[in-house]
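What follows is the content of work-v8.cif, which has mmCIF, C-alpha atoms and all ligand atoms:
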```
data_model
loop_
_atom_site.label_atom_id
_atom_site.label_comp_id
_atom_site.auth_asym_id
_atom_site.auth_seq_id
_atom_site.Cartn_x
_atom_site.Cartn_y
_atom_site.Cartn_z
CA MET A 1 -112.26 31.44 -215.43
CA GLU A 2 -108.91 30.31 -213.99
CA ASN A 3 -109.18 27.51 -211.40
CA LYS A 4 -107.95 28.07 -207.87
CA ASN A 5 -105.25 25.67 -206.70
CA VAL A 6 -104.24 24.10 -203.40
CA LEU A 7 -101.22 22.22 -202.09
CA VAL A 8 -102.17 19.55 -199.55
CA THR A 9 -99.19 17.95 -197.80
CA GLY A 10 -99.47 14.28 -196.84
CA ALA A 11 -102.50 13.82 -199.10
CA GLY A 12 -102.07 10.12 -199.86
CA ARG A 13 -104.32 8.94 -197.06
CA GLY A 14 -106.43 9.90 -194.05
CA ILE A 15 -107.39 13.52 -193.45
CA GLY A 16 -105.12 14.84 -196.23
CA LYS A 17 -106.76 12.59 -198.83
CA ALA A 18 -110.25 13.69 -197.78
CA ILE A 19 -109.16 17.34 -197.98
CA ALA A 20 -107.67 16.83 -201.47
CA ILE A 21 -110.92 15.29 -202.73
CA GLU A 22 -113.11 17.96 -201.10
CA PHE A 23 -111.07 20.76 -202.71
CA ALA A 24 -111.26 19.04 -206.11
CA LYS A 25 -115.05 18.78 -205.73
CA ASN A 26 -115.06 22.52 -205.07
CA GLY A 27 -113.25 23.31 -208.33
CA TYR A 28 -109.64 23.50 -207.13
CA ASP A 29 -106.62 22.04 -208.95
CA VAL A 30 -104.94 19.93 -206.29
CA ILE A 31 -101.22 19.39 -205.74
CA ILE A 32 -100.98 16.14 -203.80
CA ASN A 33 -97.79 15.96 -201.73
CA TYR A 34 -96.43 12.68 -200.35
CA ASN A 35 -93.17 11.58 -198.82
CA GLY A 36 -92.84 7.80 -199.03
CA SER A 37 -96.26 6.56 -200.18
CA LYS A 38 -96.35 7.19 -203.94
CA GLU A 39 -98.97 4.50 -204.61
CA ALA A 40 -101.33 6.09 -202.09
CA ALA A 41 -100.75 9.53 -203.63
CA LEU A 42 -101.57 8.13 -207.08
CA GLU A 43 -104.81 6.67 -205.67
CA THR A 44 -105.75 10.12 -204.33
CA LEU A 45 -104.93 11.58 -207.75
CA GLU A 46 -107.29 9.08 -209.41
CA GLU A 47 -110.12 10.28 -207.15
CA VAL A 48 -109.24 13.94 -207.61
CA LYS A 49 -109.14 13.57 -211.40
CA LYS A 50 -112.89 12.86 -211.40
CA TYR A 51 -113.37 16.56 -210.63
CA SER A 52 -110.17 18.35 -211.72
CA ASN A 53 -108.03 18.03 -214.86
CA HIS A 54 -104.97 19.95 -213.73
CA SER A 55 -103.95 18.18 -210.56
CA MET A 56 -100.67 16.39 -209.86
CA ILE A 57 -98.64 14.54 -207.27
CA VAL A 58 -95.31 15.84 -205.96
CA GLN A 59 -92.84 14.09 -203.70
CA ALA A 60 -91.14 16.00 -200.88
CA ASN A 61 -90.18 15.37 -197.30
CA VAL A 62 -91.66 18.49 -195.70
CA ALA A 63 -88.93 18.45 -193.05
CA ASN A 64 -86.24 18.94 -195.72
CA GLY A 65 -85.73 22.55 -196.84
CA GLN A 66 -84.22 21.65 -200.22
CA GLU A 67 -87.01 19.22 -201.09
CA VAL A 68 -89.65 21.77 -200.08
CA GLU A 69 -87.94 24.41 -202.23
CA ALA A 70 -87.90 22.02 -205.21
CA MET A 71 -91.61 21.23 -204.68
CA PHE A 72 -92.49 24.94 -204.75
CA GLN A 73 -90.29 25.47 -207.80
CA GLN A 74 -92.39 22.83 -209.56
CA ILE A 75 -95.61 24.55 -208.42
CA GLN A 76 -94.32 27.93 -209.60
CA GLU A 77 -93.38 26.51 -213.02
CA THR A 78 -96.67 24.62 -213.46
CA TYR A 79 -99.25 27.04 -212.03
CA LYS A 80 -97.39 30.37 -211.51
CA LYS A 81 -99.39 30.82 -208.28
CA LEU A 82 -100.75 29.17 -205.14
CA ASP A 83 -104.17 30.05 -203.69
CA CYS A 84 -104.20 27.75 -200.68
CA LEU A 85 -101.78 25.63 -198.66
CA VAL A 86 -102.93 22.92 -196.26
CA ASN A 87 -100.08 21.84 -193.98
CA ASN A 88 -101.48 18.44 -193.10
CA SER A 89 -98.45 16.11 -192.94
CA GLY A 90 -97.88 14.79 -189.45
CA ILE A 91 -96.34 11.92 -187.52
CA THR A 92 -96.45 10.55 -183.98
CA ARG A 93 -93.76 8.79 -181.92
CA ASP A 94 -95.72 8.18 -178.71
CA ILE A 95 -93.83 7.30 -175.53
CA LEU A 96 -93.59 8.71 -172.01
CA CYS A 97 -91.23 11.67 -171.72
CA LEU A 98 -88.78 9.93 -169.39
CA ARG A 99 -88.28 7.20 -171.98
CA MET A 100 -88.36 9.46 -175.04
CA SER A 101 -85.11 9.67 -177.02
CA GLU A 102 -83.82 12.93 -178.45
CA GLU A 103 -84.46 11.43 -181.89
CA GLU A 104 -88.11 10.60 -181.10
CA PHE A 105 -88.63 14.15 -179.88
CA MET A 106 -86.90 15.80 -182.83
CA ASP A 107 -88.42 13.61 -185.58
CA VAL A 108 -91.90 14.79 -184.64
CA ILE A 109 -90.86 18.43 -184.31
CA GLN A 110 -89.07 18.30 -187.68
CA VAL A 111 -92.02 16.93 -189.67
CA ASN A 112 -94.92 18.58 -187.87
CA LEU A 113 -93.56 22.01 -186.89
CA LYS A 114 -90.53 22.63 -189.11
CA GLY A 115 -92.45 21.19 -192.09
CA THR A 116 -95.25 23.67 -191.48
CA PHE A 117 -92.74 26.54 -191.30
CA LEU A 118 -90.85 25.53 -194.46
CA CYS A 119 -93.99 25.10 -196.60
CA SER A 120 -95.66 28.25 -195.23
CA LYS A 121 -92.57 30.37 -195.96
CA GLN A 122 -92.47 29.22 -199.57
CA ALA A 123 -96.26 29.56 -199.96
CA CYS A 124 -96.24 33.15 -198.64
CA ARG A 125 -93.69 34.13 -201.30
CA LEU A 126 -96.00 32.85 -204.04
CA MET A 127 -99.18 34.22 -202.44
CA MET A 128 -97.71 37.70 -201.87
CA LYS A 129 -97.41 38.19 -205.64
CA LYS A 130 -101.19 37.92 -205.97
CA LYS A 131 -101.85 39.61 -202.62
CA GLN A 132 -104.14 36.81 -201.53
CA GLY A 133 -104.04 33.36 -200.06
CA SER A 134 -105.14 31.04 -197.30
CA ILE A 135 -102.88 28.83 -195.20
CA ILE A 136 -104.48 26.11 -193.11
CA ASN A 137 -102.34 24.32 -190.54
CA MET A 138 -103.29 21.00 -189.00
CA ALA A 139 -102.88 21.29 -185.24
CA SER A 140 -104.63 19.00 -182.73
CA VAL A 141 -106.66 19.34 -179.53
CA VAL A 142 -103.61 17.75 -177.91
CA GLY A 143 -101.72 20.98 -178.70
CA LEU A 144 -104.24 22.79 -176.49
CA SER A 145 -104.71 20.24 -173.72
CA GLY A 146 -101.45 18.23 -173.64
CA ASN A 147 -101.49 14.43 -173.51
CA ALA A 148 -99.48 11.90 -171.52
CA GLY A 149 -97.24 9.94 -173.88
CA GLN A 150 -97.23 12.71 -176.47
CA CYS A 151 -94.83 15.43 -175.19
CA ASN A 152 -93.22 15.60 -178.63
CA TYR A 153 -96.48 15.62 -180.60
CA ALA A 154 -98.27 18.05 -178.23
CA ALA A 155 -95.28 20.43 -178.33
CA SER A 156 -95.29 20.32 -182.14
CA LYS A 157 -99.03 21.02 -182.32
CA ALA A 158 -98.90 23.81 -179.70
CA GLY A 159 -96.00 25.21 -181.74
CA ILE A 160 -98.15 25.11 -184.88
CA ILE A 161 -100.82 27.17 -183.10
CA GLY A 162 -98.30 29.84 -182.02
CA PHE A 163 -96.75 29.81 -185.47
CA SER A 164 -100.14 30.22 -187.18
CA LYS A 165 -101.12 33.20 -185.04
CA SER A 166 -97.74 34.89 -185.54
CA LEU A 167 -97.81 34.38 -189.31
CA ALA A 168 -101.43 35.61 -189.41
CA LYS A 169 -100.22 38.87 -187.82
CA GLU A 170 -97.33 39.19 -190.28
CA MET A 171 -99.42 38.43 -193.36
CA GLY A 172 -102.78 40.06 -192.59
CA SER A 173 -101.97 43.27 -194.46
CA ARG A 174 -101.05 41.19 -197.54
CA ASN A 175 -104.49 39.56 -197.53
CA ILE A 176 -102.99 36.17 -196.66
CA ARG A 177 -105.00 34.45 -193.95
CA VAL A 178 -103.53 31.81 -191.65
CA ASN A 179 -105.71 29.55 -189.53
CA ALA A 180 -105.36 26.24 -187.74
CA ILE A 181 -107.68 23.28 -187.36
CA ALA A 182 -107.48 21.28 -184.14
CA PRO A 183 -109.10 17.90 -184.74
CA GLY A 184 -110.04 15.68 -181.82
CA PHE A 185 -110.06 11.94 -182.52
CA ILE A 186 -110.66 11.26 -186.19
CA GLN A 187 -110.82 7.73 -187.63
CA THR A 188 -107.61 7.30 -189.70
CA LYS A 189 -104.49 5.13 -189.78
CA MET A 190 -103.05 7.38 -187.03
CA THR A 191 -105.86 6.43 -184.60
CA GLU A 192 -106.27 2.86 -185.94
CA VAL A 193 -103.47 1.75 -183.60
CA LEU A 194 -105.55 2.57 -180.49
CA SER A 195 -107.06 -0.45 -178.71
CA GLU A 196 -110.84 -0.90 -178.62
CA GLU A 197 -110.77 -0.16 -174.88
CA VAL A 198 -108.91 3.13 -175.38
CA LYS A 199 -111.34 4.11 -178.16
CA LYS A 200 -114.32 3.27 -175.90
CA ASN A 201 -112.87 5.45 -173.12
CA LEU A 202 -112.29 8.27 -175.59
CA VAL A 203 -115.82 8.12 -176.93
CA ASN A 204 -117.10 8.40 -173.36
CA GLN A 205 -115.24 11.73 -172.99
CA ILE A 206 -116.78 13.16 -176.16
CA PRO A 207 -120.16 14.90 -175.69
CA MET A 208 -121.20 13.79 -179.19
CA LYS A 209 -120.31 10.17 -178.27
CA GLN A 210 -118.48 9.31 -181.48
CA LEU A 211 -115.10 9.67 -183.20
CA GLY A 212 -114.93 12.15 -186.07
CA ASP A 213 -114.75 11.39 -189.80
CA VAL A 214 -112.09 12.73 -192.15
CA GLU A 215 -114.86 14.61 -194.00
CA ASP A 216 -115.59 16.63 -190.84
CA VAL A 217 -112.07 18.06 -191.05
CA ALA A 218 -112.20 18.44 -194.86
CA GLN A 219 -115.39 20.53 -194.63
CA THR A 220 -113.70 22.85 -192.12
CA ALA A 221 -110.69 23.21 -194.41
CA ILE A 222 -112.81 24.16 -197.43
CA PHE A 223 -114.59 26.78 -195.29
CA LEU A 224 -111.24 28.27 -194.18
CA ALA A 225 -109.98 28.35 -197.78
CA GLY A 226 -112.82 30.25 -199.37
CA ASP A 227 -114.57 33.61 -199.26
CA ALA A 228 -117.04 32.38 -196.62
CA SER A 229 -114.19 32.91 -194.12
CA LYS A 230 -112.60 35.98 -195.76
CA TYR A 231 -112.52 37.98 -192.48
CA ILE A 232 -111.23 35.10 -190.33
CA THR A 233 -107.51 34.81 -189.55
CA GLY A 234 -105.33 33.64 -186.67
CA GLN A 235 -108.01 31.28 -185.39
CA VAL A 236 -107.93 27.69 -184.17
CA ILE A 237 -111.08 25.76 -185.04
CA GLN A 238 -111.66 22.64 -182.99
CA VAL A 239 -113.29 19.73 -184.82
CA ASP A 240 -113.70 17.41 -181.85
CA GLY A 241 -117.37 16.67 -181.12
CA GLY A 242 -117.11 19.00 -178.12
CA MET A 243 -114.35 16.94 -176.44
CA LEU A 244 -112.32 19.96 -175.33
CA MET A 245 -114.34 22.97 -174.22
P1 LIG B 301 -101.99 9.62 -191.30
O1 LIG B 301 -103.12 8.80 -191.83
O2 LIG B 301 -100.93 8.95 -190.48
O3 LIG B 301 -101.28 10.37 -192.55
C1 LIG B 301 -100.17 11.17 -192.36
C2 LIG B 301 -99.73 11.75 -193.70
O4 LIG B 301 -98.57 12.55 -193.47
C3 LIG B 301 -99.36 10.67 -194.71
O5 LIG B 301 -99.98 10.97 -195.94
C4 LIG B 301 -97.84 10.80 -194.83
O6 LIG B 301 -97.38 10.56 -196.16
C5 LIG B 301 -97.62 12.25 -194.47
N1 LIG B 301 -96.26 12.48 -194.00
C6 LIG B 301 -95.64 11.95 -192.93
N2 LIG B 301 -94.36 12.36 -192.85
C7 LIG B 301 -94.18 13.20 -193.92
C8 LIG B 301 -93.07 13.95 -194.39
N3 LIG B 301 -91.89 13.93 -193.76
N4 LIG B 301 -93.24 14.71 -195.50
C9 LIG B 301 -94.41 14.74 -196.17
N5 LIG B 301 -95.49 14.03 -195.77
C10 LIG B 301 -95.37 13.27 -194.65
O7 LIG B 301 -102.51 10.85 -190.44
P2 LIG B 301 -103.96 11.55 -190.30
O8 LIG B 301 -104.65 10.90 -189.16
O9 LIG B 301 -104.63 11.63 -191.62
O10 LIG B 301 -103.50 12.99 -189.80
C11 LIG B 301 -103.30 14.08 -190.68
C12 LIG B 301 -102.95 15.30 -189.84
O11 LIG B 301 -103.99 15.55 -188.90
C13 LIG B 301 -101.67 15.16 -189.04
O12 LIG B 301 -101.00 16.40 -188.98
C14 LIG B 301 -102.16 14.79 -187.66
O13 LIG B 301 -101.25 15.14 -186.66
C15 LIG B 301 -103.45 15.60 -187.59
N6 LIG B 301 -104.40 15.08 -186.61
C16 LIG B 301 -104.96 13.86 -186.75
C17 LIG B 301 -105.89 13.42 -185.79
C18 LIG B 301 -106.55 12.08 -185.90
O14 LIG B 301 -107.32 11.74 -184.98
N7 LIG B 301 -106.36 11.31 -186.93
C19 LIG B 301 -106.20 14.23 -184.70
C20 LIG B 301 -105.59 15.47 -184.58
C21 LIG B 301 -104.71 15.90 -185.55
P3 LIG B 301 -96.28 9.43 -196.52
O15 LIG B 301 -96.88 8.10 -196.13
O16 LIG B 301 -96.06 9.60 -197.98
O17 LIG B 301 -95.07 9.76 -195.69
#
```
Go through the file and emit its structure as C-alpha cells.
Ligand code: NAP
Amino acid sequence: MENKNVLVTGAGRGIGKAIAIEFAKNGYDVIINYNGSKEAALETLEEVKKYSNHSMIVQANVANGQEVEAMFQQIQETYKKLDCLVNNSGITRDILCLRMSEEEFMDVIQVNLKGTFLCSKQACRLMMKKKQGSIINMASVVGLSGNAGQCNYAASKAGIIGFSKSLAKEMGSRNIRVNAIAPGFIQTKMTEVLSEEVKKNLVNQIPMKQLGDVEDVAQTAIFLAGDASKYITGQVIQVDGGMLM
C-alpha cells in the first residue's frame, strides 16, 4: 500500500521535529522543511529514517513565494501528491507595541501568517487532485487571548485562526480539512529564553501546573491528520494544560 506523506515546515527542532518523528512513526513519508538550519533538519531526517524510507529535507523560506513554489514543485516531482501539511514554522520578535519597529511587526507577519497562506495555497492545489487532505496550522493561545509584548505575534496567530476557518469553508466540499492547534507554553527553544521567574509565574496560571511537551502537540497533530478526525474541520484545538478556558 502507498504511504501517506506530510510536509512539516520548520521541522529541524522543537515542535516541528516532534511532529515529523510522530508522523514517521505512524507510517508517513515526511518532507522536512527548514530555512537556515540544515544541520538540524538532517538530524530530524536521521530520526525519521528509523521509521520511513522515503523522507527528505527541503530548504525554503516560507515567507518567500518563489521558494515555496520551488519546494512544492520538488514535492510534486518526488511524490506526485501531498496528504497532509503542517504549517509549523514560526518566529517571535517580542517588544512592546510603542517600541516595535515596522520591520519587527512585518517580519513576524511574513513568516507566521503569509508563510501559512503560501504553503496552504500550494498544498490545496496538490490535495484537490486527490480530493482529500488535511492542513494543520500552528496558532497559539496568544492568538486567542493577546499578550503584552507580542502584538506582532498575537496578530499573526489570530490571523492564522481566521485564515484556517475561512480555508476550511472553501475546501470542505473538496474533502480537504483545515484545523489549527493553539499550544500554550511548550518547552522548546522559543520558550527557553524565558527567565525562571517568568516560567514559575506561568506554571502558576496553568491548572495542570506544568509546561507542555512537544509530544503533546505532536499527538494532537497526528489526530488531526488521520481518519480519527475525518469529520472535524475549522476547529482550533488548545493544547495548554487548561491555561486558557
Ligand atoms: P522554534 O524551536 O523556535 O522553531 C521554529 C522553527 O521555525 C525552526 O525550525 C525554524 O527553522 C523555522 N522557521 C523560522 N523561520 C522560518 C522561515 N522563514 N521559513 C521556514 N522555516 C522557518 O519554535 P517552536 O517552539 O518549536 O514553535 C513551533 C511553532 O509552534 C511556531 O509556529 C510557534 O509560534 C508555535 N508555538 C510555540 C509555542 C511554544 O510554547 N513553544 C506556543 C505556541 C505556539 P530554521 O532554524 O531553519 O529557520
Enumerate as a PyMOL selection string the residues within 7 Å of ligand LIG 301 (chain B), counting all atoms listed in the file.
chain A and resi 9-16+33-38+60-63+88-91+111-112+138-141+182-191
Tell me which of A:Ser55, A:Thr233, A:Thr44, A:Asn64 sits closest to Ile31 (chain A), counting only C-alpha atoms.
A:Ser55
Please identify all polymer residues within 10 Å of Ser52 (chain A), counting all atoms listed in the file, omitting same-chain residues fewer than 6 positions from it, and present them as a PyMOL selection string.
chain A and resi 3+21+23-30+45-46
Which value, in Å to one decimal, gives the distance between CA of Cys151 (chain A) and CA of Arg93 (chain A)?
9.5 Å
With distances taken over all atoms listed in the file, which residue among A:Tyr79, A:Tyr231, A:Phe223, A:Tyr153 lies nearest Ile136 (chain A)?
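So, comparing all the options, the nearest one is A:Phe223.
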Straight-line distance linking CA of Leu42 (chain A) with CA of Ala18 (chain A), stated in Å to one decimal
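Between CA of Leu42 (chain A) and CA of Ala18 (chain A) the gap works out to 13.9 Å.
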